[in-house]
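coords21.cif (mmCIF, C-alpha atoms) appears below.
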```
data_query
loop_
_atom_site.label_atom_id
_atom_site.label_comp_id
_atom_site.auth_asym_id
_atom_site.auth_seq_id
_atom_site.Cartn_x
_atom_site.Cartn_y
_atom_site.Cartn_z
CA MET A 279 -50.56 -69.11 -4.09
CA GLY A 280 -53.12 -66.62 -5.33
CA ALA A 281 -56.49 -66.17 -3.70
CA ARG A 282 -59.07 -63.39 -3.65
CA GLY A 283 -57.46 -60.95 -6.05
CA PRO A 284 -55.47 -60.49 -9.25
CA ARG A 285 -51.87 -61.61 -9.49
CA GLU A 286 -49.84 -58.97 -11.30
CA GLY A 287 -46.66 -60.99 -11.49
CA ALA A 288 -45.02 -62.76 -8.56
CA ARG A 289 -45.48 -60.92 -5.27
CA LEU A 290 -42.10 -61.49 -3.79
CA GLY A 291 -42.32 -60.34 -0.17
CA HIS A 292 -40.36 -62.45 2.27
CA PRO A 293 -40.71 -65.72 0.29
CA GLY A 294 -39.13 -63.91 -2.64
CA THR A 295 -36.17 -62.81 -0.56
CA LEU A 296 -35.54 -66.47 0.33
CA ALA A 297 -35.53 -67.64 -3.29
CA PRO A 298 -31.95 -66.56 -4.17
CA GLN A 299 -30.64 -68.43 -1.11
CA TRP A 300 -32.22 -71.61 -2.40
CA GLY A 301 -31.64 -70.98 -6.10
CA ALA A 302 -35.41 -71.25 -6.39
CA LEU A 303 -37.86 -70.46 -9.16
CA VAL A 304 -40.74 -68.28 -7.89
CA VAL A 305 -44.11 -68.82 -9.56
CA SER A 306 -47.26 -66.89 -8.67
CA LEU A 307 -50.53 -68.65 -9.47
CA GLU A 308 -53.74 -66.67 -9.93
CA HIS A 309 -56.86 -68.25 -8.42
CA ARG A 310 -59.53 -69.19 -10.94
CA PHE A 311 -62.35 -66.61 -11.27
CA TYR A 312 -60.16 -63.79 -9.91
CA GLY A 313 -58.05 -61.22 -11.71
CA ARG A 314 -57.67 -62.19 -15.36
CA SER A 315 -58.71 -65.79 -14.72
CA VAL A 316 -62.45 -65.16 -15.13
CA PRO A 317 -64.03 -67.46 -17.76
CA PRO A 318 -65.57 -65.92 -20.89
CA GLY A 319 -69.08 -66.55 -19.57
CA GLY A 320 -68.53 -64.11 -16.71
CA LEU A 321 -69.67 -64.62 -13.12
CA GLY A 322 -73.14 -66.08 -13.59
CA LEU A 323 -74.29 -69.00 -11.46
CA ALA A 324 -73.70 -71.45 -14.31
CA GLN A 325 -70.02 -70.48 -14.23
CA LEU A 326 -69.62 -70.03 -10.47
CA ARG A 327 -70.40 -73.70 -9.84
CA PHE A 328 -66.83 -74.28 -10.99
CA LEU A 329 -65.45 -71.92 -8.33
CA SER A 330 -64.25 -73.64 -5.17
CA SER A 331 -61.10 -74.38 -3.21
CA ARG A 332 -61.15 -77.92 -4.62
CA HIS A 333 -61.10 -76.60 -8.17
CA ALA A 334 -58.30 -74.20 -7.21
CA LEU A 335 -56.22 -77.06 -5.80
CA ALA A 336 -56.73 -79.06 -8.99
CA ASP A 337 -55.37 -76.03 -10.86
CA VAL A 338 -52.34 -76.03 -8.56
CA ALA A 339 -51.63 -79.68 -9.31
CA SER A 340 -52.05 -79.14 -13.04
CA ALA A 341 -49.80 -76.06 -13.00
CA ARG A 342 -47.15 -77.90 -10.98
CA VAL A 343 -46.93 -80.69 -13.57
CA HIS A 344 -47.06 -78.33 -16.55
CA LEU A 345 -44.48 -75.88 -15.18
CA SER A 346 -42.07 -78.70 -14.40
CA TRP A 347 -42.20 -79.63 -18.06
CA ILE A 348 -41.94 -76.05 -19.35
CA PHE A 349 -38.95 -75.15 -17.20
CA ASN A 350 -37.38 -78.59 -17.31
CA VAL A 351 -37.36 -78.82 -13.51
CA SER A 352 -35.59 -81.86 -12.17
CA ALA A 353 -37.80 -84.52 -10.59
CA SER A 354 -35.62 -84.30 -7.49
CA SER A 355 -36.31 -80.57 -7.00
CA PRO A 356 -38.87 -79.97 -4.23
CA TRP A 357 -41.87 -77.70 -4.76
CA VAL A 358 -42.96 -75.59 -1.80
CA SER A 359 -46.28 -73.75 -1.67
CA PHE A 360 -46.53 -70.40 0.14
CA GLY A 361 -49.70 -68.47 0.90
CA GLY A 362 -51.33 -66.10 3.35
CA SER A 363 -54.92 -65.93 4.66
CA TYR A 364 -57.20 -68.02 2.38
CA ALA A 365 -54.17 -68.62 0.15
CA GLY A 366 -52.38 -69.92 3.25
CA SER A 367 -55.12 -72.48 3.68
CA LEU A 368 -54.74 -73.41 0.01
CA ALA A 369 -50.98 -73.83 0.48
CA ALA A 370 -51.53 -76.27 3.36
CA TRP A 371 -54.31 -78.11 1.54
CA ALA A 372 -52.17 -78.45 -1.59
CA ARG A 373 -49.63 -80.35 0.47
CA LEU A 374 -52.42 -82.36 2.12
CA LYS A 375 -54.16 -83.41 -1.10
CA PHE A 376 -51.16 -83.62 -3.45
CA PRO A 377 -48.19 -84.76 -1.30
CA HIS A 378 -46.57 -86.39 -4.35
CA LEU A 379 -46.44 -82.98 -6.08
CA ILE A 380 -45.97 -80.48 -3.24
CA TRP A 381 -43.04 -81.28 -0.98
CA ALA A 382 -43.76 -78.75 1.77
CA ALA A 383 -45.89 -75.71 2.51
CA VAL A 384 -45.78 -72.48 4.51
CA ALA A 385 -49.27 -71.42 5.61
CA SER A 386 -49.38 -67.88 6.95
CA SER A 387 -52.46 -66.69 8.88
CA ALA A 388 -54.41 -69.58 7.39
CA PRO A 389 -57.97 -69.97 8.78
CA VAL A 390 -58.14 -73.68 7.98
CA GLN A 391 -61.18 -74.16 10.19
CA ALA A 392 -64.31 -73.09 8.29
CA GLN A 393 -66.86 -71.57 10.67
CA LEU A 394 -70.39 -70.38 10.04
CA ASP A 395 -70.19 -67.42 12.40
CA PHE A 396 -67.12 -65.84 13.95
CA SER A 397 -66.40 -63.73 17.03
CA GLY A 398 -62.72 -63.13 17.43
CA TYR A 399 -61.70 -59.48 17.24
CA ASN A 400 -59.76 -57.90 20.11
CA VAL A 401 -59.68 -54.13 20.47
CA CYS A 402 -60.36 -51.64 23.35
CA ARG A 403 -63.70 -53.31 23.82
CA ARG A 404 -65.31 -51.13 26.46
CA ALA A 405 -64.91 -47.89 24.50
CA VAL A 406 -65.96 -49.52 21.22
CA ALA A 407 -69.00 -51.07 22.93
CA GLU A 408 -70.06 -47.64 24.27
CA ALA A 409 -69.71 -46.10 20.81
CA PHE A 410 -71.85 -48.79 19.18
CA SER A 411 -74.42 -48.55 21.98
CA GLU A 412 -74.70 -44.84 21.23
CA LEU A 413 -75.11 -45.68 17.55
CA ASP A 414 -77.94 -48.09 18.35
CA ARG A 415 -79.69 -45.50 20.49
CA GLY A 416 -79.43 -42.89 17.75
CA LEU A 417 -80.88 -45.28 15.20
CA SER A 418 -83.84 -45.98 17.50
CA GLU A 419 -84.71 -42.44 18.58
CA GLY A 420 -86.54 -41.13 15.54
CA GLU A 421 -86.05 -39.49 12.15
CA GLU A 422 -84.31 -36.37 13.46
CA ALA A 423 -81.81 -38.38 15.51
CA ARG A 424 -81.10 -40.65 12.55
CA ALA A 425 -80.48 -37.66 10.29
CA ALA A 426 -77.99 -36.27 12.80
CA LEU A 427 -76.33 -39.66 13.04
CA GLN A 428 -76.08 -39.92 9.25
CA SER A 429 -74.13 -36.67 9.21
CA ALA A 430 -71.97 -37.59 12.19
CA VAL A 431 -70.75 -40.92 10.80
CA ARG A 432 -70.63 -39.74 7.17
CA ALA A 433 -73.18 -42.25 5.88
CA CYS A 434 -73.80 -42.04 2.14
CA GLY A 435 -77.60 -42.28 2.43
CA ALA A 436 -80.55 -42.02 4.75
CA LEU A 437 -80.80 -44.42 7.67
CA GLU A 438 -84.57 -44.95 7.83
CA ALA A 439 -84.77 -48.56 6.61
CA PRO A 440 -83.60 -51.25 9.06
CA GLU A 441 -81.60 -52.97 6.33
CA ASP A 442 -79.73 -49.74 5.57
CA GLN A 443 -79.00 -49.27 9.25
CA ALA A 444 -77.56 -52.79 9.32
CA GLU A 445 -75.42 -52.05 6.26
CA LEU A 446 -73.93 -48.98 7.91
CA LEU A 447 -73.24 -50.84 11.13
CA GLU A 448 -71.43 -53.56 9.21
CA GLN A 449 -69.28 -50.97 7.47
CA LEU A 450 -68.33 -49.49 10.84
CA GLU A 451 -67.58 -52.93 12.26
CA GLU A 452 -65.34 -53.54 9.28
CA LEU A 453 -63.51 -50.28 9.85
CA VAL A 454 -62.73 -51.29 13.42
CA GLY A 455 -61.88 -54.83 12.31
CA ALA A 456 -59.41 -53.65 9.68
CA ALA A 457 -57.45 -51.70 12.29
CA VAL A 458 -57.04 -54.90 14.28
CA GLN A 459 -56.42 -57.34 11.46
CA TYR A 460 -53.85 -55.23 9.63
CA ASP A 461 -52.33 -53.52 12.65
CA GLN A 462 -49.20 -51.51 11.75
CA GLN A 463 -49.06 -52.83 8.18
CA ALA A 464 -48.21 -50.70 5.18
CA GLY A 465 -51.37 -49.51 3.45
CA ALA A 466 -53.62 -49.75 6.50
CA PRO A 467 -55.15 -46.32 7.16
CA LEU A 468 -55.50 -46.95 10.89
CA ASP A 469 -53.90 -49.30 13.40
CA VAL A 470 -55.06 -50.52 16.80
CA ARG A 471 -53.08 -47.97 18.75
CA GLY A 472 -54.40 -45.10 16.64
CA LEU A 473 -57.98 -46.35 16.75
CA CYS A 474 -58.04 -46.79 20.51
CA HIS A 475 -56.32 -43.43 21.02
CA LEU A 476 -58.96 -41.64 18.94
CA ILE A 477 -61.84 -43.36 20.72
CA LEU A 478 -60.46 -43.00 24.24
CA ALA A 479 -59.12 -39.46 23.81
CA ASN A 480 -62.49 -38.01 22.84
CA GLN A 481 -64.67 -39.46 25.58
CA SER A 482 -65.64 -35.96 26.78
CA GLY A 483 -67.69 -35.49 23.62
CA GLY A 484 -69.44 -38.81 24.02
CA ALA A 485 -68.41 -42.33 23.14
CA LEU A 486 -69.35 -41.83 19.49
CA SER A 487 -67.15 -38.78 18.95
CA GLY A 488 -63.92 -40.80 18.93
CA LEU A 489 -65.33 -43.30 16.46
CA ARG A 490 -66.46 -40.39 14.31
CA ASP A 491 -62.89 -39.06 14.24
CA ALA A 492 -61.63 -42.52 13.22
CA ILE A 493 -64.20 -42.63 10.39
CA GLN A 494 -63.11 -39.23 9.11
CA LEU A 495 -59.45 -40.22 9.19
CA VAL A 496 -60.06 -43.45 7.25
CA LEU A 497 -62.29 -41.81 4.65
CA ARG A 498 -59.78 -38.98 4.15
CA THR A 499 -56.90 -41.43 3.80
CA LEU A 500 -58.75 -43.55 1.27
CA GLY A 501 -60.20 -40.60 -0.63
CA LEU A 502 -63.78 -41.74 -0.06
CA PRO A 503 -66.64 -39.26 0.34
CA CYS A 504 -68.78 -41.34 2.70
CA LEU A 505 -69.52 -44.77 4.14
CA PRO A 506 -71.85 -47.00 2.06
CA SER A 507 -75.21 -47.46 3.78
CA SER A 508 -77.58 -48.93 1.20
CA ARG A 509 -78.29 -52.64 1.52
CA ALA A 510 -80.21 -52.59 -1.77
CA ALA A 511 -77.13 -51.23 -3.54
CA ALA A 512 -74.94 -53.88 -1.90
CA VAL A 513 -77.29 -56.69 -2.96
CA ALA A 514 -77.55 -55.33 -6.49
CA ALA A 515 -73.77 -55.16 -6.77
CA LEU A 516 -73.40 -58.74 -5.58
CA ARG A 517 -76.04 -59.96 -8.01
CA ASP A 518 -74.33 -58.33 -10.97
CA PRO A 519 -72.55 -61.13 -12.90
CA LYS A 520 -70.38 -58.82 -14.99
CA PRO A 521 -66.65 -59.07 -14.28
CA TRP A 522 -64.46 -56.01 -14.17
CA ALA A 523 -60.80 -55.40 -13.47
CA GLY A 524 -59.91 -56.39 -9.93
CA ARG A 525 -63.41 -57.56 -9.00
CA SER A 526 -63.59 -60.07 -6.14
CA ASP A 527 -66.70 -59.29 -4.11
CA ARG A 528 -69.19 -61.60 -5.85
CA GLN A 529 -66.70 -64.46 -6.19
CA TRP A 530 -65.56 -64.42 -2.57
CA PHE A 531 -69.07 -64.03 -1.23
CA TYR A 532 -70.07 -67.08 -3.28
CA GLN A 533 -67.25 -69.05 -1.66
CA THR A 534 -68.36 -68.00 1.82
CA CYS A 535 -71.88 -69.20 1.00
CA THR A 536 -70.73 -72.51 -0.52
CA GLU A 537 -67.64 -73.42 1.53
CA PHE A 538 -66.49 -71.31 4.45
CA GLY A 539 -69.05 -69.14 6.23
CA TYR A 540 -66.84 -66.79 8.28
CA TYR A 541 -69.83 -64.51 8.92
CA ILE A 542 -69.32 -62.07 11.74
CA THR A 543 -72.18 -61.79 14.18
CA CYS A 544 -72.74 -60.18 17.54
CA GLU A 545 -74.57 -62.93 19.37
CA ASP A 546 -71.79 -63.49 21.89
CA PRO A 547 -72.49 -61.64 25.19
CA SER A 548 -69.00 -60.09 25.09
CA CYS A 549 -69.50 -58.59 21.63
CA PRO A 550 -68.80 -54.82 21.58
CA PHE A 551 -70.65 -54.17 18.33
CA SER A 552 -74.34 -53.72 17.57
CA ARG A 553 -76.71 -56.51 18.56
CA ARG A 554 -78.33 -56.06 15.17
CA SER A 555 -75.48 -58.11 13.66
CA ALA A 556 -77.11 -61.55 13.62
CA LEU A 557 -76.35 -64.70 11.66
CA PRO A 558 -79.81 -64.97 10.01
CA ALA A 559 -79.27 -61.61 8.31
CA GLN A 560 -75.94 -62.78 6.89
CA LEU A 561 -77.43 -66.05 5.67
CA GLN A 562 -80.36 -64.20 4.12
CA LEU A 563 -77.88 -62.45 1.86
CA CYS A 564 -76.75 -65.84 0.45
CA ALA A 565 -80.41 -66.54 -0.37
CA GLN A 566 -80.97 -63.11 -1.93
CA VAL A 567 -77.90 -63.24 -4.12
CA PHE A 568 -77.44 -66.92 -4.96
CA GLY A 569 -80.70 -68.61 -3.94
CA LEU A 570 -78.91 -70.70 -1.28
CA SER A 571 -80.84 -71.65 1.85
CA PRO A 572 -79.38 -71.13 5.34
CA ALA A 573 -79.35 -74.90 5.83
CA SER A 574 -77.30 -75.43 2.68
CA VAL A 575 -74.71 -72.86 3.83
CA ALA A 576 -74.34 -74.61 7.20
CA GLU A 577 -74.00 -77.98 5.46
CA ALA A 578 -71.33 -76.56 3.14
CA VAL A 579 -69.22 -75.40 6.09
CA THR A 580 -69.45 -78.86 7.65
CA ARG A 581 -68.43 -80.51 4.37
CA THR A 582 -65.40 -78.24 4.08
CA ASN A 583 -64.11 -79.18 7.53
CA THR A 584 -64.76 -82.86 6.86
CA TYR A 585 -62.87 -82.74 3.58
CA TYR A 586 -59.82 -80.80 4.79
CA GLY A 587 -59.75 -81.74 8.47
CA GLY A 588 -60.30 -78.30 9.98
CA GLN A 589 -57.61 -77.47 12.53
CA SER A 590 -56.22 -81.01 12.27
CA PRO A 591 -55.54 -81.29 8.55
CA GLY A 592 -53.11 -84.19 8.89
CA ALA A 593 -50.57 -82.95 6.35
CA THR A 594 -46.86 -83.33 7.05
CA ARG A 595 -44.17 -80.73 6.32
CA VAL A 596 -46.50 -77.76 6.69
CA PHE A 597 -45.24 -74.74 8.63
CA PHE A 598 -48.18 -72.86 10.19
CA VAL A 599 -47.43 -69.22 11.07
CA ASN A 600 -49.89 -66.96 12.90
CA GLY A 601 -49.79 -63.60 14.67
CA ASP A 602 -51.58 -63.14 17.98
CA ILE A 603 -52.98 -59.71 16.99
CA ASP A 604 -54.65 -61.24 13.94
CA PRO A 605 -58.21 -62.11 15.04
CA TRP A 606 -58.35 -65.03 12.60
CA HIS A 607 -55.49 -66.88 14.24
CA VAL A 608 -58.03 -68.73 16.42
CA LEU A 609 -59.16 -70.64 13.30
CA GLY A 610 -55.61 -71.65 12.40
CA VAL A 611 -53.25 -74.38 13.58
CA LEU A 612 -51.66 -73.05 16.75
CA ARG A 613 -50.21 -76.24 18.23
CA ALA A 614 -47.74 -78.36 16.32
CA PRO A 615 -49.47 -81.66 15.48
CA GLY A 616 -46.10 -83.37 15.05
CA PRO A 617 -42.36 -82.78 14.56
CA SER A 618 -42.80 -82.23 10.81
CA GLU A 619 -45.70 -79.80 11.30
CA PRO A 620 -44.30 -76.83 13.26
CA ALA A 621 -46.68 -74.10 14.36
CA VAL A 622 -45.64 -70.69 15.63
CA LEU A 623 -47.62 -67.85 17.15
CA LEU A 624 -45.79 -64.54 16.74
CA ARG A 625 -46.38 -62.03 19.53
CA GLY A 626 -47.39 -58.52 18.49
CA THR A 627 -47.89 -59.59 14.86
CA SER A 628 -50.90 -59.07 12.60
CA HIS A 629 -52.49 -60.84 9.63
CA CYS A 630 -49.92 -62.22 7.14
CA ALA A 631 -47.24 -59.82 8.41
CA ASP A 632 -44.58 -62.53 8.17
CA MET A 633 -45.00 -62.64 4.39
CA ALA A 634 -44.06 -58.99 3.91
CA PRO A 635 -40.45 -57.88 3.41
CA ALA A 636 -38.61 -56.99 6.60
CA GLY A 637 -39.18 -53.44 7.81
CA PRO A 638 -37.56 -51.19 10.43
CA SER A 639 -40.62 -51.31 12.71
CA ASP A 640 -40.97 -55.10 12.74
CA PRO A 641 -41.11 -56.53 16.27
CA PRO A 642 -38.31 -58.94 17.25
CA SER A 643 -40.73 -61.86 17.25
CA LEU A 644 -41.58 -61.20 13.60
CA LEU A 645 -37.93 -60.98 12.59
CA ARG A 646 -37.19 -64.29 14.28
CA GLY A 647 -40.38 -65.77 12.88
CA ARG A 648 -39.19 -65.16 9.36
CA GLN A 649 -35.92 -66.86 10.25
CA GLY A 650 -37.95 -69.91 11.25
CA LEU A 651 -39.09 -70.65 7.71
CA PRO A 652 -37.64 -73.92 6.35
CA CYS A 653 -33.93 -73.20 6.17
CA LYS A 654 -31.69 -73.33 3.16
CA HIS A 655 -29.78 -76.51 3.88
CA ALA A 656 -32.99 -78.44 4.53
CA PHE A 657 -34.06 -77.78 0.95
CA THR A 658 -30.58 -78.46 -0.36
CA LYS A 659 -30.69 -81.80 1.39
CA ALA A 660 -34.14 -82.47 -0.05
CA ALA A 661 -32.85 -81.88 -3.56
CA THR A 662 -30.12 -84.49 -3.18
CA SER A 663 -31.98 -86.85 -0.87
CA PRO A 664 -35.74 -86.37 -1.22
CA SER A 665 -36.47 -89.41 0.87
CA GLN A 666 -35.07 -87.75 4.02
CA PRO A 667 -36.14 -84.10 3.97
CA ARG A 668 -36.64 -82.11 7.14
CA ILE A 669 -37.76 -78.72 8.35
CA CYS A 670 -35.16 -76.67 10.14
CA PRO A 671 -36.14 -73.75 12.40
CA ALA A 672 -33.41 -71.11 12.43
CA SER A 673 -31.03 -71.52 15.36
CA GLY A 674 -33.58 -73.76 17.04
CA ARG A 675 -35.50 -70.69 18.20
CA LEU A 676 -38.81 -71.77 16.79
CA HIS A 677 -38.72 -75.43 17.71
CA ALA A 678 -42.13 -76.58 18.86
CA SER A 679 -42.69 -79.98 20.33
CA PRO A 680 -45.86 -81.82 19.23
CA GLY A 681 -48.94 -80.36 20.83
CA ALA A 682 -47.31 -77.07 21.84
CA PRO A 683 -47.24 -73.70 20.10
CA ALA A 684 -43.94 -71.88 19.65
CA ASN A 685 -44.73 -68.55 21.28
CA ILE A 686 -42.08 -65.98 20.49
CA ASP A 687 -41.14 -62.97 22.62
CA PRO A 688 -44.31 -62.18 24.58
CA MET A 689 -44.83 -58.43 24.54
CA PRO A 690 -44.48 -56.72 27.91
CA GLY A 691 -47.72 -55.43 29.33
CA GLY A 692 -49.93 -57.84 27.39
CA PHE A 693 -51.78 -56.94 24.21
CA LEU A 694 -50.11 -53.68 23.16
CA GLY A 695 -50.17 -52.68 26.81
CA ARG A 696 -53.98 -52.65 26.84
CA GLU A 697 -56.77 -54.89 28.01
CA GLN A 698 -57.29 -58.09 26.05
CA ASP A 699 -60.94 -58.20 25.08
CA SER A 700 -63.03 -60.21 22.71
CA SER A 701 -64.54 -58.48 19.72
CA VAL A 702 -65.94 -59.56 16.39
CA GLY A 703 -65.37 -59.06 12.69
CA ARG A 704 -66.21 -60.60 9.28
CA ALA A 705 -64.39 -62.82 6.83
CA PRO A 706 -60.59 -62.77 6.37
CA HIS A 707 -60.46 -59.25 5.12
CA PRO A 708 -58.81 -57.15 2.45
CA LEU A 709 -57.31 -53.72 2.97
CA PRO A 710 -58.44 -51.15 3.79
CA LEU A 711 -61.91 -52.19 4.95
CA PRO A 712 -62.22 -55.90 5.82
CA THR A 713 -65.39 -56.77 3.95
CA VAL A 714 -66.36 -59.94 2.11
CA ARG A 715 -68.13 -57.86 -0.53
CA GLY A 716 -65.93 -54.83 -1.07
CA ILE A 717 -62.32 -53.92 -1.60
CA PRO A 718 -59.93 -56.43 -3.22
CA PRO A 719 -57.77 -58.37 -0.76
CA VAL A 720 -54.05 -58.17 -0.34
CA THR A 721 -53.46 -61.90 0.18
#
```
Output the file's structure in the form of structure tokens.
Amino acid sequence: MGARGPREGARLGHPGTLAPQWGALVVSLEHRFYGRSVPPGGLGLAQLRFLSSRHALADVASARVHLSWIFNVSASSPWVSFGGSYAGSLAAWARLKFPHLIWAAVASSAPVQAQLDFSGYNVCRRAVAEAFSELDRGLSEGEEARAALQSAVRACGALEAPEDQAELLEQLEELVGAAVQYDQQAGAPLDVRGLCHLILANQSGGALSGLRDAIQLVLRTLGLPCLPSSRAAAVAALRDPKPWAGRSDRQWFYQTCTEFGYYITCEDPSCPFSRRSALPAQLQLCAQVFGLSPASVAEAVTRTNTYYGGQSPGATRVFFVNGDIDPWHVLGVLRAPGPSEPAVLLRGTSHCADMAPAGPSDPPSLLRGRQGLPCKHAFTKAATSPSQPRICPASGRLHASPGAPANIDPMPGGFLGREQDSSVGRAPHPLPLPTVRGIPPVT
């Protein structure tokens, strides 16, 4: 299943490695309004009204019927949807809404519960909180202090306007959030261990010095000159209806305003980020860009959960896979609703890591988690006897009784051997910076 980015052919990953075992055809579907699937009229509001998860699911159903005809697929052959992050939600919802077309689904890191605001990041909270407190003080101490801060954190522009200060703070929150969400994944410029080491190892120079080192490392890795800090530039970019290759910021932000929310705030007392991160500011952006009122955004989130069922979607034969390092796992299905709806929580595993090909540094829980995908003979049985299909966890290791999560191999010493703290972030994020209005996603 495609989601917030272009599909340049089928992304094989782990699902692709399973295909030869099943003799399966692998098809990669691009989400409407992303990649090359942007309508001729561009991304104006008149066109965007046809962009939603419901429209995307209708495309899935249409493609399923059409592809069966094109490839002469037997009516007894089961179709299984795979997806990660938002695409994982789509995979589960495709099975929920079209059970006569989709036989089963694997939903990886799927935040099926839409939520207006979100506070779920976990990372060396005390040190991060001290760094952001120092940032807040610097922004409040006058023009000279703000100029010094601009240089220290490599901001692209001046930090005099409150809205520009907020933009910079969000970029920094996203930098920290990306390290957590994509911990130890290929392509991520910084992982949790590296981030916390940089912040904690440089405490003698002040709490902000470690965060400054992390900023420099990320910018150097990505080849970026500075961190964006202009809210006016961000709003102008989001308002621009012109499509370009790989664009996803305007489309995904529209979906957050009309379906999902997922806005990261710092209103929780345990939040380590700046207190300037408030929900009204996020909702104001929906009004500035799309003319949508805060009340309409809240109503849209409620409608989404009513339509799909939130964390109790009610679909059978859906395998929900989450990693406990991934902050968004709290919006997924963590407890198996029934015997045909297994749910596993992989210890020491980040966002959508189970969908990637196996690697030498994969934790044992991730290796066994991949083995827990619906096994070969279950699909063989389905092909010959579709009325009695079943899901088969490998070697019984991932069996989860209804109402209980299958927790695999708890890591010694807790969360990477460090304190488990609550933090915050934004929407399910792309690499390398997890922003709803920036870099194209990987899922």
Protein/DNA/RNA residues near (-76.9, -36.9, 13.1), cut 12 Å, all atoms listed in the file, as a ChimeraX atom specification: /A:412-413,415-417,419-433,435-437,486-487,490
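Counting only C-alpha atoms and comparing A:Gln391, A:Ala407, A:Glu308, A:Gly626, the residue that lies closest to Gly610 in chain A is A:Gln391.
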In Å to one decimal, how far is CA of Phe396 in chain A from CA of Arg517 in chain A? 24.4 Å
Just want the 12 Å neighbourhood of Ser340 in chain A, counted on all atoms listed in the file, with same-chain residues fewer than 3 positions away dropped. Output as an MDAnalysis selection string. chainID A and resid 307 333:337 343:347 372 376 379:380
Tell me, as a list in words, which residues lie within 9 Å of range 571-587 of chain A, counting all atoms listed in the file; anything in the same chain fewer than 4 positions away does not count.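 My list of contacting residues is Trp371, Leu374, Lys375, Val390, Gln391, Ala392, Gln393, Leu394, Thr534, Cys535, Thr536, Glu537, Phe538, Gly539, Pro558, Leu561, Gln562, Cys564, Ala565, Pro591 and Gly592 of chain A.
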Now that the selection is made, can you save its residues with C-alpha atoms as a compact mmCIF listing (two decimals), in the frame of the given file?
```txt
# COMPACT_ATOMS: atom_id res chain seq x y z
CA TRP A 371 -54.31 -78.11 1.54
CA LEU A 374 -52.42 -82.36 2.12
CA LYS A 375 -54.16 -83.41 -1.10
CA VAL A 390 -58.14 -73.68 7.98
CA GLN A 391 -61.18 -74.16 10.19
CA ALA A 392 -64.31 -73.09 8.29
CA GLN A 393 -66.86 -71.57 10.67
CA LEU A 394 -70.39 -70.38 10.04
CA THR A 534 -68.36 -68.00 1.82
CA CYS A 535 -71.88 -69.20 1.00
CA THR A 536 -70.73 -72.51 -0.52
CA GLU A 537 -67.64 -73.42 1.53
CA PHE A 538 -66.49 -71.31 4.45
CA GLY A 539 -69.05 -69.14 6.23
CA PRO A 558 -79.81 -64.97 10.01
CA LEU A 561 -77.43 -66.05 5.67
CA GLN A 562 -80.36 -64.20 4.12
CA CYS A 564 -76.75 -65.84 0.45
CA ALA A 565 -80.41 -66.54 -0.37
CA PRO A 591 -55.54 -81.29 8.55
CA GLY A 592 -53.11 -84.19 8.89
```
Within 9 Å of Ala383 in chain A, counting only C-alpha atoms, which residues qualify if same-chain residues fewer than 5 places away don't, as a count of residues only? 16
Would you mind reading off the distance between CA of Ala523 in chain A and CA of Leu453 in chain A, one decimal, in Å?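 So the answer is 24.0 Å.
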How many Å lie between CA of Ala339 in chain A and CA of Trp381 in chain A, rounded to one decimal? 12.1 Å
Might I get the box with edges along x, y and z of the file that holds all atoms of range 301-310 of chain A listed there, padded by 5 Å on every side, given as centre and edge lengths in Å to one decimal, as JSON?
```
{"center_x": -45.6, "center_y": -69.0, "center_z": -8.5, "size_x": 37.9, "size_y": 14.6, "size_z": 14.8}
```
Within 7 Å of Asp602 in chain A, counting all atoms listed in the file, which residues qualify if same-chain residues fewer than 6 places away don't, as an MDAnalysis selection string? chainID A and resid 623:628
